[in-house]
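Report on one structure; see the data block that follows.
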Amino acid sequence: MAAEPFNAYTFGVEEEFFLVSRKTRRAPSRVPKGFLKLCRQRFGAHVDNELLQSQIEICSPVFDHVAMAHMEMKRLRRGIAELADAAGLRLVAAGTHPLSAWHQQSHTDKSRYARIIDDFQMIGRRNLLCGLHVHVAPPANVDRVTLMNRLMPWLPLFLALSTSSPFWNRRCTGLLSYRQSAYDEWPRAGIPDFFADEAEYRTFCELLKRVDAIKDASFLWWAIRPAQHYPTLELRIADACTHLDDALALAALFRCLVRVHVRRPELGMARTALTRRIIDENRWRAKRFGLDARFIDEHAGETVECARVLDAAIKLVSEDAQQFGCEASLQHLGTIFARGTSAHEQLALYRSLRDAGSSNADALRAVVDWLAETSIPASAE
């Protein structure tokens, strides 16, 4: 096989977090003005704000190895948690906040966010949601949109492996990822259409810009998209992962899937008028059932257990995992199945406390405490 370009398949991770009051366990309506400034003094551009004041984002540097990613993301999580602690706050990685109510939140004072709130009104104000985004850079000669089309059937698997949002507005939703259901309120969210190539995708973006529907392509919030500011394909479907190792395992799998689809151009090419809707049906199954979902296999005309889909993915990318030295990260995906996702762990704790006689509020406070403790990797990890 020809040598790969030097910068091909580098990757980056964006993690969104809630800031919560150490005293009340709720997301505060306003965060101390100097908090983000302190974070940036220490970590530079690797920390940014989000739509709501009670959210904060870690934007990683560019990585070429998962070990580097683990070390840096652990440093960033721990460092921001230390600054938050000094401000009476804690850092929580979860798709939704179990205890907080959206109507008590304030948006960040930034022109982009002001426009979003003005455009989308209650939908924007309800965005008390956090996700994990993974960027992977394919070789420069690869059309990112045609590659995106071929990778889309894998999207529900990433959601099933990352579910962390079973609660909303202090209630158990009955879903493992309520965050994805909340995002369905937004226009230009969910599973994208099959665009022919990057040129057609740009034509669509330019049309929406011309009629003032969007300011730029970053206002397309699909579950996967070509990034606007980076030469990457961006995975966006995953809930924020409470366990750092879960987030990095998902990043490793996505990176491997990008590479195998580049080196094997026949993969993911079979497509019918049904395909996009079946992907969306599988996304619903991942939202509702998580790891217990049975996904529809369009070509076999039957359903397949989520575990079998993961096994197929790991087998498919075995050569790529070896190339990247990330076999241990892919093995960790089996740990997620054995342990359950964050959503399973949150629900197990909540139900055990309710069964023992705790009130709904006390059980949810305990879930927030668990999330805050688990979101910060131990120093020895």
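By order in the structure tokens, chains are A, B, ...; within a chain, residues start at 1; ligands start at 1, following the order shown.
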**Asked** Any idea what's packed within 12 Å of Gly174 of chain A, counting only C-alpha atoms, ignoring anything in its chain fewer than 2 positions away? Could you give it as JSON, numbers by chain?
**Response** {"A": [165, 166, 167, 168, 171, 172, 176, 177, 178, 181, 287, 288, 289, 290, 343, 344, 347]}
**Spatial neighbours of Val134 of chain A, 7 Å, only C-alpha atoms, chain gap at least 6 places, as number ranges by chain** = A: 12-14, 234-236, 251
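You will find atom CA of Glu319 of chain A at 18.0 Å from atom CA of Phe11 of chain A.
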**Asked** From the list A:Arg283, A:His332, A:Arg77, A:Lys37, which residue is nearest Asp184 of chain A when using only C-alpha atoms?
**Response**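 Ranked by minimum distance to Asp184 of chain A, first place goes to A:Arg283.
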**Thr335 of chain A surroundings by only C-alpha atoms, 12 Å radius, close-in-sequence under 3 positions cut, as a ChimeraX atom specification** = /A:161,243,245-246,249,307,328-332,338-341
Same residues, N, CA, C and O atoms, output as a tab-separated table (two decimals), in the first residue's frame:
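Written file, out_34.tsv:
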```tsv
chain	number	residue	atom	x	y	z
A	161	LEU	N	-23.24	3.31	22.22
A	161	LEU	CA	-22.06	3.15	23.09
A	161	LEU	C	-21.82	4.34	24.00
A	161	LEU	O	-21.03	4.25	24.94
A	243	HIS	N	-17.12	8.73	31.47
A	243	HIS	CA	-15.80	8.11	31.60
A	243	HIS	C	-14.92	8.58	30.44
A	243	HIS	O	-15.28	8.41	29.27
A	245	ASP	N	-12.20	7.24	29.34
A	245	ASP	CA	-11.80	6.10	28.51
A	245	ASP	C	-12.87	5.76	27.48
A	245	ASP	O	-12.55	5.29	26.38
A	246	ASP	N	-14.15	5.95	27.82
A	246	ASP	CA	-15.22	5.69	26.86
A	246	ASP	C	-15.11	6.65	25.68
A	246	ASP	O	-15.22	6.25	24.51
A	249	ALA	N	-12.19	5.70	23.47
A	249	ALA	CA	-12.45	4.46	22.74
A	249	ALA	C	-13.32	4.75	21.52
A	249	ALA	O	-13.10	4.19	20.43
A	307	ALA	N	-24.47	-5.74	19.97
A	307	ALA	CA	-23.17	-6.37	20.23
A	307	ALA	C	-22.58	-6.96	18.95
A	307	ALA	O	-21.36	-6.91	18.74
A	328	ALA	N	-6.01	-1.56	22.48
A	328	ALA	CA	-6.53	-1.53	23.85
A	328	ALA	C	-7.78	-0.65	23.94
A	328	ALA	O	-8.72	-0.98	24.68
A	329	SER	N	-7.79	0.44	23.20
A	329	SER	CA	-8.97	1.31	23.21
A	329	SER	C	-10.18	0.60	22.63
A	329	SER	O	-11.30	0.73	23.14
A	330	LEU	N	-9.98	-0.17	21.56
A	330	LEU	CA	-11.11	-0.90	21.00
A	330	LEU	C	-11.56	-2.01	21.93
A	330	LEU	O	-12.76	-2.31	22.01
A	331	GLN	N	-10.63	-2.63	22.65
A	331	GLN	CA	-11.02	-3.63	23.64
A	331	GLN	C	-11.88	-3.01	24.73
A	331	GLN	O	-12.77	-3.67	25.29
A	332	HIS	N	-11.64	-1.73	25.02
A	332	HIS	CA	-12.42	-1.06	26.05
A	332	HIS	C	-13.90	-0.96	25.67
A	332	HIS	O	-14.77	-0.86	26.54
A	338	ALA	N	-19.97	-4.62	29.03
A	338	ALA	CA	-20.04	-5.38	30.29
A	338	ALA	C	-20.51	-4.51	31.45
A	338	ALA	O	-21.29	-4.95	32.31
A	339	ARG	N	-20.06	-3.27	31.50
A	339	ARG	CA	-20.36	-2.36	32.60
A	339	ARG	C	-21.64	-1.58	32.38
A	339	ARG	O	-22.37	-1.24	33.31
A	340	GLY	N	-21.94	-1.32	31.13
A	340	GLY	CA	-23.03	-0.42	30.77
A	340	GLY	C	-22.50	0.98	30.51
A	340	GLY	O	-21.40	1.34	30.94
A	341	THR	N	-23.26	1.77	29.79
A	341	THR	CA	-22.88	3.16	29.56
A	341	THR	C	-23.17	3.99	30.80
A	341	THR	O	-23.75	3.51	31.78
```
**Complete:** Judged by only C-alpha atoms, the minimum distance to Leu155 of chain A among A:Cys306, A:Met73, A:Cys205, A:Val368 is found for A:Cys306
**Picked from segment 87-151 of chain A by DSSP as strand (DSSP E), as a count of residues only** = 9
**Request:** Output as a PyMOL selection string all residues of segment 112-267 of chain A that backbone DSSP marks as helix (DSSP H, G or I).
**Result:** chain A and resi 112-120+122-125+144-162+178-183+198-210+217-219+244-263
Selection file, C-alpha atoms, as a PDB file, in the first residue's frame:
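What follows is the written file result12.pdb:
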```
ATOM      1  CA  ARG A 112     -23.418  33.741  17.712  1.00  0.00           C
ATOM      2  CA  TYR A 113     -25.419  32.531  20.693  1.00  0.00           C
ATOM      3  CA  ALA A 114     -27.637  35.620  20.735  1.00  0.00           C
ATOM      4  CA  ARG A 115     -28.534  34.903  17.107  1.00  0.00           C
ATOM      5  CA  ILE A 116     -29.309  31.265  17.894  1.00  0.00           C
ATOM      6  CA  ILE A 117     -31.603  32.214  20.769  1.00  0.00           C
ATOM      7  CA  ASP A 118     -33.306  34.870  18.659  1.00  0.00           C
ATOM      8  CA  ASP A 119     -33.782  32.473  15.743  1.00  0.00           C
ATOM      9  CA  PHE A 120     -34.900  29.398  17.656  1.00  0.00           C
ATOM     10  CA  MET A 122     -37.576  28.113  23.208  1.00  0.00           C
ATOM     11  CA  ILE A 123     -35.716  25.469  21.210  1.00  0.00           C
ATOM     12  CA  GLY A 124     -32.478  27.362  21.811  1.00  0.00           C
ATOM     13  CA  ARG A 125     -33.225  28.007  25.468  1.00  0.00           C
ATOM     14  CA  ARG A 144     -15.231  14.206   2.882  1.00  0.00           C
ATOM     15  CA  VAL A 145     -18.898  14.179   1.897  1.00  0.00           C
ATOM     16  CA  THR A 146     -18.747  10.960  -0.116  1.00  0.00           C
ATOM     17  CA  LEU A 147     -16.815   9.452   2.800  1.00  0.00           C
ATOM     18  CA  MET A 148     -19.468  10.752   5.215  1.00  0.00           C
ATOM     19  CA  ASN A 149     -22.191   9.053   3.160  1.00  0.00           C
ATOM     20  CA  ARG A 150     -20.449   5.699   3.445  1.00  0.00           C
ATOM     21  CA  LEU A 151     -19.905   6.004   7.210  1.00  0.00           C
ATOM     22  CA  MET A 152     -23.459   7.017   8.143  1.00  0.00           C
ATOM     23  CA  PRO A 153     -24.800   3.476   8.788  1.00  0.00           C
ATOM     24  CA  TRP A 154     -22.369   3.263  11.741  1.00  0.00           C
ATOM     25  CA  LEU A 155     -23.787   6.334  13.499  1.00  0.00           C
ATOM     26  CA  PRO A 156     -26.378   4.527  15.676  1.00  0.00           C
ATOM     27  CA  LEU A 157     -23.626   2.302  17.091  1.00  0.00           C
ATOM     28  CA  PHE A 158     -21.727   5.354  18.362  1.00  0.00           C
ATOM     29  CA  LEU A 159     -24.863   6.656  20.034  1.00  0.00           C
ATOM     30  CA  ALA A 160     -25.606   3.301  21.680  1.00  0.00           C
ATOM     31  CA  LEU A 161     -22.061   3.153  23.086  1.00  0.00           C
ATOM     32  CA  SER A 162     -22.199   6.698  24.493  1.00  0.00           C
ATOM     33  CA  TYR A 178     -32.900  11.898  25.626  1.00  0.00           C
ATOM     34  CA  ARG A 179     -30.320  14.370  24.309  1.00  0.00           C
ATOM     35  CA  GLN A 180     -30.754  13.070  20.759  1.00  0.00           C
ATOM     36  CA  SER A 181     -34.541  13.402  21.051  1.00  0.00           C
ATOM     37  CA  ALA A 182     -34.159  16.990  22.264  1.00  0.00           C
ATOM     38  CA  TYR A 183     -31.902  17.737  19.292  1.00  0.00           C
ATOM     39  CA  GLU A 198     -18.394  18.299  -1.260  1.00  0.00           C
ATOM     40  CA  ALA A 199     -19.293  20.529  -4.204  1.00  0.00           C
ATOM     41  CA  GLU A 200     -23.005  19.781  -3.857  1.00  0.00           C
ATOM     42  CA  TYR A 201     -22.762  20.180  -0.082  1.00  0.00           C
ATOM     43  CA  ARG A 202     -21.193  23.635  -0.566  1.00  0.00           C
ATOM     44  CA  THR A 203     -23.955  24.566  -3.019  1.00  0.00           C
ATOM     45  CA  PHE A 204     -26.543  23.723  -0.356  1.00  0.00           C
ATOM     46  CA  CYS A 205     -24.679  25.751   2.288  1.00  0.00           C
ATOM     47  CA  GLU A 206     -24.314  28.735  -0.031  1.00  0.00           C
ATOM     48  CA  LEU A 207     -28.032  28.679  -0.803  1.00  0.00           C
ATOM     49  CA  LEU A 208     -28.946  28.719   2.898  1.00  0.00           C
ATOM     50  CA  LYS A 209     -26.463  31.544   3.490  1.00  0.00           C
ATOM     51  CA  ARG A 210     -27.866  33.549   0.585  1.00  0.00           C
ATOM     52  CA  ALA A 217     -21.898  25.811   7.581  1.00  0.00           C
ATOM     53  CA  SER A 218     -21.314  25.539  11.340  1.00  0.00           C
ATOM     54  CA  PHE A 219     -25.079  26.106  11.720  1.00  0.00           C
ATOM     55  CA  LEU A 244     -12.842   9.564  29.706  1.00  0.00           C
ATOM     56  CA  ASP A 245     -11.800   6.103  28.508  1.00  0.00           C
ATOM     57  CA  ASP A 246     -15.219   5.692  26.857  1.00  0.00           C
ATOM     58  CA  ALA A 247     -14.777   8.936  24.912  1.00  0.00           C
ATOM     59  CA  LEU A 248     -11.317   7.964  23.694  1.00  0.00           C
ATOM     60  CA  ALA A 249     -12.451   4.462  22.736  1.00  0.00           C
ATOM     61  CA  LEU A 250     -15.169   5.995  20.552  1.00  0.00           C
ATOM     62  CA  ALA A 251     -12.609   8.360  19.037  1.00  0.00           C
ATOM     63  CA  ALA A 252     -10.330   5.404  18.257  1.00  0.00           C
ATOM     64  CA  LEU A 253     -13.146   3.453  16.605  1.00  0.00           C
ATOM     65  CA  PHE A 254     -14.221   6.413  14.478  1.00  0.00           C
ATOM     66  CA  ARG A 255     -10.630   7.038  13.407  1.00  0.00           C
ATOM     67  CA  CYS A 256     -10.236   3.392  12.404  1.00  0.00           C
ATOM     68  CA  LEU A 257     -13.525   3.385  10.488  1.00  0.00           C
ATOM     69  CA  VAL A 258     -12.461   6.478   8.555  1.00  0.00           C
ATOM     70  CA  ARG A 259      -9.220   4.788   7.533  1.00  0.00           C
ATOM     71  CA  VAL A 260     -10.755   1.469   6.529  1.00  0.00           C
ATOM     72  CA  HIS A 261     -13.339   3.229   4.370  1.00  0.00           C
ATOM     73  CA  VAL A 262     -10.578   5.189   2.650  1.00  0.00           C
ATOM     74  CA  ARG A 263      -8.416   2.154   1.948  1.00  0.00           C
TER      75      ARG A 263
END
```
**Prompt:** Looking at A:Phe63, A:Trp221, A:Phe18, A:Phe295, which one is nearest to Ile80 of chain A, with distances taken over only C-alpha atoms?
**Reply:**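 Of the candidates, the smallest distance to Ile80 of chain A is held by A:Phe18.
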**Request:** Find the residues around His299 of chain A up to 12 Å (only C-alpha atoms counted), leave out those fewer than 3 positions away in its own chain, and share them as a count of residues only.
**Result:** 13
**Prompt:** Which polymer residues have any atom within 10 Å of an atom of Glu373 of chain A, counting only C-alpha atoms, with same-chain residues fewer than 6 positions away left out, as a PyMOL selection string?
**Reply:** chain A and resi 90-93+242+367
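Between atom CA of Pro138 of chain A and atom CA of Asn49 of chain A there is a distance of 27.8 Å.
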**Request:** Determine, counting only C-alpha atoms, which protein, DNA and RNA residues have an atom within 10 Å of an atom of Asn360 of chain A; residues of the same chain fewer than 5 positions away are not included. Present the result as a list of chain:residue names.
**Result:** A:Leu99, A:Arg170, A:Arg171, A:Cys172, A:Tyr350, A:Arg351, A:Leu353, A:Arg354, A:Arg365
Written file, previous selection with N, CA, C and O atoms, as a compact mmCIF listing (two decimals), in the first residue's frame:
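File selection-v7.txt, as written:
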```txt
# COMPACT_ATOMS: atom_id res chain seq x y z
N LEU A 99 -30.78 17.12 37.20
CA LEU A 99 -31.48 17.91 38.22
C LEU A 99 -31.89 19.30 37.75
O LEU A 99 -32.74 19.92 38.37
N ARG A 170 -35.58 16.76 35.68
CA ARG A 170 -35.76 16.05 36.96
C ARG A 170 -36.64 14.81 36.85
O ARG A 170 -37.19 14.33 37.84
N ARG A 171 -36.75 14.28 35.65
CA ARG A 171 -37.56 13.08 35.46
C ARG A 171 -36.79 12.04 34.68
O ARG A 171 -35.95 12.36 33.83
N CYS A 172 -37.08 10.79 34.96
CA CYS A 172 -36.57 9.68 34.18
C CYS A 172 -37.36 9.61 32.88
O CYS A 172 -38.59 9.52 32.90
N TYR A 350 -29.87 5.61 40.63
CA TYR A 350 -31.15 6.28 40.92
C TYR A 350 -32.19 5.28 41.43
O TYR A 350 -32.85 5.52 42.45
N ARG A 351 -32.33 4.16 40.74
CA ARG A 351 -33.36 3.18 41.11
C ARG A 351 -33.05 2.53 42.45
O ARG A 351 -33.98 2.27 43.24
N LEU A 353 -31.53 3.90 44.96
CA LEU A 353 -31.84 4.88 46.01
C LEU A 353 -33.34 5.07 46.17
O LEU A 353 -33.84 5.18 47.29
N ARG A 354 -34.06 5.09 45.07
CA ARG A 354 -35.52 5.22 45.16
C ARG A 354 -36.12 3.99 45.84
O ARG A 354 -37.03 4.12 46.67
N ARG A 365 -29.77 14.11 43.18
CA ARG A 365 -28.56 14.76 43.70
C ARG A 365 -27.42 13.74 43.80
O ARG A 365 -26.26 14.07 43.49
```
**Request:** Give me, please, the distance in Å between atom CA of Trp370 of chain A and atom CA of Thr163 of chain A, quoted to one decimal.
**Result:**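 It comes out at 15.8 Å.
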